[in-house]
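Read the structure below first, then the notes.
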Amino acid sequence: MQKLKYVLLSTLFLSFGTFISCNKSTTDIMIIGVNEGDWNEISVLIDNLNNCKKQTINYINFYSGKINEKNVVIAEAPIGTSEAAMVTTIGIEHFNPQYVITEGTAGAHHDALTYNDIILGCDVLDIASYKGDPSNPTHIEKLQHPILHSDPVLLSKAKKVKNPVEESRVKENGVIASSDCWNTSKEYVNALYTRFGEDCEEMESYAVLNVCAFYNTPALAIRMISNNLINDEEYDPAKEVAKQCQLYTIDVINAI
């Protein structure tokens, strides 16, 4: 009987050890980008993957391969904060990446920014978590959710990378705001900027960094300006902003 118990326990521990080794990460970096409607923010990255393999997990597409000897997984995310959180969770659970980068386009919130400017998310806000009266923007109070931050090591490496678009800038200590709202009121955007100082808004970065914080996975938020409500600069597909952001992201991958 004692011998049987020993055999059973040994089998259990060996099985557990096998499970752990099978889930040991070989993924250096996971990239999360939107691919929905006019916003294809991953196609250039996928084209640059060597030995690309597609895997669908819970209806989400993941593309794995190498970019300059780094093992990279690209997650195809729908638009939205909850969707970004879901994709990040699935990706971390299945691929256990060493780092996560969320990249894509965003709309500017002040007039100093224009097409193709890069914003590195030193600070990332949930801009929908404010306390106040949305019908009266001047009464917007503090954010209820904490400010999140890109990993300082990843941020420092990204700061050394040049913008691929000539004469366009990289804002190194940028502030990215996430929300499921698509703000189209100049008065409202001005009020948000006056209160919180965000450079741009989009719908994914806060959710991605929030999930990464739970998993203790270093993360970096990168956004390129695709339009500016304050300057009346509308989204223009001919600018190829999503493509340029992906080229910048590839250079960041190489710098890590």
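Letters A, B, ... mark the chains of the structure tokens in the order given; residue numbers begin at 1 per chain; ligand numbers begin at 1, in order shown.
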Check: Can you list, as a list in words, every protein, DNA or RNA residue that comes within 10 Å of Ser135 (chain A) when you count only C-alpha atoms, leaving out same-chain residues fewer than 4 positions away?
Finding: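 Once the adjacent positions are removed, what remains is His139, Ile140 and Tyr188 of chain A.
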Could you turn the residues from that selection into a file that holds N, CA and C atoms, as a PDB file, in the first residue's frame?
```
ATOM      1  N   HIS A 139     -16.996  70.750 -14.782  1.00  0.00           N
ATOM      2  CA  HIS A 139     -17.195  70.144 -13.462  1.00  0.00           C
ATOM      3  C   HIS A 139     -16.578  68.747 -13.364  1.00  0.00           C
ATOM      4  N   ILE A 140     -15.660  68.420 -14.280  1.00  0.00           N
ATOM      5  CA  ILE A 140     -14.982  67.141 -14.214  1.00  0.00           C
ATOM      6  C   ILE A 140     -13.990  67.139 -13.055  1.00  0.00           C
ATOM      7  N   TYR A 188     -15.428  69.520 -24.785  1.00  0.00           N
ATOM      8  CA  TYR A 188     -15.235  68.403 -23.867  1.00  0.00           C
ATOM      9  C   TYR A 188     -13.764  67.966 -23.842  1.00  0.00           C
TER      10      TYR A 188
END
```
Can you pull out the residues contacting Ile92 (chain A)? Cut-off 10 Å, using only C-alpha atoms, and skip same-chain residues under 4 positions away; I want them as a PDB file with N, CA, C and O atoms, in the first residue's frame.
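Listing of selection_10.pdb after writing:
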```
ATOM      1  N   SER A  25       7.722  29.830 -20.919  1.00  0.00           N
ATOM      2  CA  SER A  25       7.635  30.775 -22.035  1.00  0.00           C
ATOM      3  C   SER A  25       8.850  30.710 -22.944  1.00  0.00           C
ATOM      4  O   SER A  25       9.986  30.630 -22.495  1.00  0.00           O
ATOM      5  N   THR A  27       8.331  32.982 -25.503  1.00  0.00           N
ATOM      6  CA  THR A  27       7.923  34.222 -26.159  1.00  0.00           C
ATOM      7  C   THR A  27       8.624  35.407 -25.517  1.00  0.00           C
ATOM      8  O   THR A  27       8.498  35.638 -24.322  1.00  0.00           O
ATOM      9  N   MET A  30       5.005  40.032 -26.743  1.00  0.00           N
ATOM     10  CA  MET A  30       3.675  39.960 -27.354  1.00  0.00           C
ATOM     11  C   MET A  30       3.247  41.372 -27.743  1.00  0.00           C
ATOM     12  O   MET A  30       3.301  42.289 -26.930  1.00  0.00           O
ATOM     13  N   VAL A  87      -8.115  39.989 -24.742  1.00  0.00           N
ATOM     14  CA  VAL A  87      -7.031  39.518 -25.602  1.00  0.00           C
ATOM     15  C   VAL A  87      -5.722  39.438 -24.819  1.00  0.00           C
ATOM     16  O   VAL A  87      -4.963  38.472 -24.950  1.00  0.00           O
ATOM     17  N   THR A  88      -5.461  40.439 -23.986  1.00  0.00           N
ATOM     18  CA  THR A  88      -4.240  40.438 -23.185  1.00  0.00           C
ATOM     19  C   THR A  88      -4.204  39.265 -22.228  1.00  0.00           C
ATOM     20  O   THR A  88      -3.173  38.586 -22.076  1.00  0.00           O
ATOM     21  N   ASN A  96       2.677  33.464 -22.166  1.00  0.00           N
ATOM     22  CA  ASN A  96       3.529  33.908 -21.061  1.00  0.00           C
ATOM     23  C   ASN A  96       4.704  34.761 -21.552  1.00  0.00           C
ATOM     24  O   ASN A  96       5.871  34.436 -21.311  1.00  0.00           O
ATOM     25  N   PRO A  97       4.416  35.870 -22.243  1.00  0.00           N
ATOM     26  CA  PRO A  97       5.501  36.677 -22.808  1.00  0.00           C
ATOM     27  C   PRO A  97       6.318  37.378 -21.736  1.00  0.00           C
ATOM     28  O   PRO A  97       5.822  37.699 -20.655  1.00  0.00           O
ATOM     29  N   GLN A  98       7.569  37.642 -22.060  1.00  0.00           N
ATOM     30  CA  GLN A  98       8.420  38.399 -21.144  1.00  0.00           C
ATOM     31  C   GLN A  98       7.996  39.858 -21.103  1.00  0.00           C
ATOM     32  O   GLN A  98       8.031  40.491 -20.050  1.00  0.00           O
ATOM     33  N   TYR A  99       7.578  40.403 -22.277  1.00  0.00           N
ATOM     34  CA  TYR A  99       7.135  41.788 -22.387  1.00  0.00           C
ATOM     35  C   TYR A  99       5.880  41.859 -23.239  1.00  0.00           C
ATOM     36  O   TYR A  99       5.646  41.005 -24.106  1.00  0.00           O
ATOM     37  N   VAL A 100       5.106  42.922 -23.022  1.00  0.00           N
ATOM     38  CA  VAL A 100       3.923  43.192 -23.843  1.00  0.00           C
ATOM     39  C   VAL A 100       4.001  44.620 -24.359  1.00  0.00           C
ATOM     40  O   VAL A 100       4.354  45.549 -23.611  1.00  0.00           O
ATOM     41  N   VAL A 211      -4.132  44.719 -17.111  1.00  0.00           N
ATOM     42  CA  VAL A 211      -4.009  43.255 -17.052  1.00  0.00           C
ATOM     43  C   VAL A 211      -2.554  42.859 -16.839  1.00  0.00           C
ATOM     44  O   VAL A 211      -2.250  41.971 -16.030  1.00  0.00           O
ATOM     45  N   CYS A 212      -1.644  43.517 -17.553  1.00  0.00           N
ATOM     46  CA  CYS A 212      -0.214  43.202 -17.395  1.00  0.00           C
ATOM     47  C   CYS A 212       0.254  43.430 -15.961  1.00  0.00           C
ATOM     48  O   CYS A 212       1.094  42.677 -15.452  1.00  0.00           O
ATOM     49  N   TYR A 215      -0.488  40.453 -13.866  1.00  0.00           N
ATOM     50  CA  TYR A 215       0.399  39.323 -14.165  1.00  0.00           C
ATOM     51  C   TYR A 215       1.869  39.658 -13.928  1.00  0.00           C
ATOM     52  O   TYR A 215       2.746  38.829 -14.185  1.00  0.00           O
ATOM     53  N   THR A 217       3.757  41.565 -15.646  1.00  0.00           N
ATOM     54  CA  THR A 217       4.418  41.514 -16.947  1.00  0.00           C
ATOM     55  C   THR A 217       4.725  42.937 -17.414  1.00  0.00           C
ATOM     56  O   THR A 217       3.805  43.746 -17.560  1.00  0.00           O
TER      57      THR A 217
END
```
Notebook entry, point to check: What lies within 10 Å of Ala191 (chain A) using only C-alpha atoms, ignoring chain neighbours under 5 positions off, as number ranges by chain?
Noted result: A: 109, 136-140, 185-186, 196-197
Could you build a table of the residues in region 32-151 of chain A lying no more than 9 Å from region 233-253 of chain A, giving for each the nearest pair of atoms and their separation in Å rounded to one decimal place, using only C-alpha atoms, ordered by chain and ascending residue number, as CSV?
```
residue,atom,partner,partner_atom,distance
A:Asp38,CA,A:Pro237,CA,8.1
A:Trp39,CA,A:Ala242,CA,7.4
A:Asn40,CA,A:Ala242,CA,6.8
A:Glu41,CA,A:Ala242,CA,5.2
A:Ile42,CA,A:Gln246,CA,7.0
A:Ser43,CA,A:Lys243,CA,8.1
A:Val44,CA,A:Gln246,CA,6.3
A:Leu45,CA,A:Gln246,CA,6.2
A:Asn48,CA,A:Ile250,CA,8.5
A:Ile67,CA,A:Ile253,CA,7.8
A:Asn68,CA,A:Ile253,CA,8.7
A:Lys70,CA,A:Ile253,CA,8.0
A:Val72,CA,A:Ile253,CA,8.9
A:Ile101,CA,A:Thr249,CA,8.4
A:Glu103,CA,A:Cys245,CA,7.3
A:Gly104,CA,A:Ala242,CA,6.1
A:Thr105,CA,A:Ala242,CA,6.1
A:Gly107,CA,A:Tyr235,CA,8.6
A:Thr114,CA,A:Glu233,CA,7.8
A:Tyr115,CA,A:Val241,CA,7.4
A:Asn116,CA,A:Val241,CA,5.9
A:Ile118,CA,A:Cys245,CA,7.7
```
Margin query: Give me the residues near Gln144 (chain A) as number ranges by chain, where near means some atom within 8 Å (using only C-alpha atoms) and where sequence neighbours in that chain fewer than 5 positions away do not count.
Written below: A: 129-131
Next item on the list: Please return as a VMD selection string: the residues of region 6-232 of chain A that backbone DSSP assigns to alpha helix (DSSP H).
Entry: chain A and resid 6 to 22 43 to 47 81 to 95 152 to 159 186 to 196 205 to 215
Write the residues of the preceding selection, restricted to C-alpha atoms, as an mmCIF file, in the first residue's frame.
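Below is the file that was written, out.cif:
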```cif
data_model
loop_
_atom_site.group_PDB
_atom_site.id
_atom_site.type_symbol
_atom_site.label_atom_id
_atom_site.label_comp_id
_atom_site.auth_asym_id
_atom_site.auth_seq_id
_atom_site.Cartn_x
_atom_site.Cartn_y
_atom_site.Cartn_z
ATOM 1 C CA TYR A 6 4.682 6.433 -3.531
ATOM 2 C CA VAL A 7 4.068 5.517 -7.166
ATOM 3 C CA LEU A 8 0.921 7.645 -7.326
ATOM 4 C CA LEU A 9 2.625 10.653 -5.719
ATOM 5 C CA SER A 10 5.651 10.288 -7.977
ATOM 6 C CA THR A 11 3.389 10.174 -11.036
ATOM 7 C CA LEU A 12 1.536 13.269 -9.836
ATOM 8 C CA PHE A 13 4.731 15.282 -9.311
ATOM 9 C CA LEU A 14 6.178 14.171 -12.637
ATOM 10 C CA SER A 15 2.962 15.134 -14.373
ATOM 11 C CA PHE A 16 2.969 18.522 -12.642
ATOM 12 C CA GLY A 17 6.583 19.057 -13.644
ATOM 13 C CA THR A 18 5.737 18.209 -17.249
ATOM 14 C CA PHE A 19 2.839 20.668 -17.178
ATOM 15 C CA ILE A 20 5.074 23.456 -15.908
ATOM 16 C CA SER A 21 7.782 22.778 -18.488
ATOM 17 C CA CYS A 22 5.238 22.722 -21.306
ATOM 18 C CA SER A 43 -0.541 43.606 -40.944
ATOM 19 C CA VAL A 44 2.965 45.101 -41.315
ATOM 20 C CA LEU A 45 4.077 43.359 -38.137
ATOM 21 C CA ILE A 46 2.728 40.027 -39.392
ATOM 22 C CA ASP A 47 4.479 40.504 -42.751
ATOM 23 C CA THR A 81 -11.238 48.343 -23.583
ATOM 24 C CA SER A 82 -12.914 45.107 -22.489
ATOM 25 C CA GLU A 83 -11.842 43.441 -25.742
ATOM 26 C CA ALA A 84 -8.237 44.557 -25.172
ATOM 27 C CA ALA A 85 -8.319 43.177 -21.623
ATOM 28 C CA MET A 86 -9.674 39.850 -22.880
ATOM 29 C CA VAL A 87 -7.031 39.518 -25.602
ATOM 30 C CA THR A 88 -4.240 40.438 -23.185
ATOM 31 C CA THR A 89 -5.410 37.870 -20.634
ATOM 32 C CA ILE A 90 -5.676 35.081 -23.199
ATOM 33 C CA GLY A 91 -2.286 35.989 -24.674
ATOM 34 C CA ILE A 92 -0.467 36.049 -21.340
ATOM 35 C CA GLU A 93 -2.098 32.802 -20.185
ATOM 36 C CA HIS A 94 -1.169 30.924 -23.355
ATOM 37 C CA PHE A 95 2.173 32.483 -24.338
ATOM 38 C CA PRO A 152 10.578 52.263 -17.330
ATOM 39 C CA VAL A 153 13.128 49.905 -18.905
ATOM 40 C CA LEU A 154 11.018 49.387 -22.035
ATOM 41 C CA LEU A 155 10.289 53.112 -22.110
ATOM 42 C CA SER A 156 13.985 53.982 -21.991
ATOM 43 C CA LYS A 157 14.730 51.645 -24.898
ATOM 44 C CA ALA A 158 11.854 53.049 -26.950
ATOM 45 C CA LYS A 159 13.098 56.598 -26.366
ATOM 46 C CA LYS A 186 -13.838 70.328 -28.762
ATOM 47 C CA GLU A 187 -15.218 71.802 -25.536
ATOM 48 C CA TYR A 188 -15.235 68.403 -23.867
ATOM 49 C CA VAL A 189 -11.755 67.452 -25.112
ATOM 50 C CA ASN A 190 -10.355 70.823 -24.003
ATOM 51 C CA ALA A 191 -11.866 70.315 -20.557
ATOM 52 C CA LEU A 192 -10.332 66.846 -20.277
ATOM 53 C CA TYR A 193 -6.934 68.115 -21.396
ATOM 54 C CA THR A 194 -7.053 71.066 -18.998
ATOM 55 C CA ARG A 195 -7.865 68.714 -16.117
ATOM 56 C CA PHE A 196 -5.673 65.686 -16.923
ATOM 57 C CA SER A 205 -3.806 50.904 -23.645
ATOM 58 C CA TYR A 206 -5.216 51.245 -20.126
ATOM 59 C CA ALA A 207 -6.854 47.828 -20.289
ATOM 60 C CA VAL A 208 -3.680 46.180 -21.584
ATOM 61 C CA LEU A 209 -1.438 47.755 -18.935
ATOM 62 C CA ASN A 210 -3.958 46.964 -16.206
ATOM 63 C CA VAL A 211 -4.009 43.255 -17.052
ATOM 64 C CA CYS A 212 -0.214 43.202 -17.395
ATOM 65 C CA ALA A 213 0.082 44.708 -13.916
ATOM 66 C CA PHE A 214 -1.942 41.803 -12.469
ATOM 67 C CA TYR A 215 0.399 39.323 -14.165
#
```
Next item on the list: Tell me which protein, DNA and RNA residues are within 7 Å of region 171-184 of chain A, counting only C-alpha atoms, leaving out same-chain ones fewer than 3 positions away, and put them as a list in words.
Entry: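 The residues satisfying every condition are Gly80, Thr81, Ile118, Ile119, Leu120, Gly121, Cys122, Asp123, Val124, Leu125, Asp126, Ile127, Ala128, Lys159, Val189, Glu198, Asp199, Cys200, Glu201, Glu202, Met203, Glu204, Ser205 and Tyr206 of chain A.
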Check: What is the CA of Val34 (chain A) to CA of Lys54 (chain A) distance in Å?
Finding: 16.1 Å
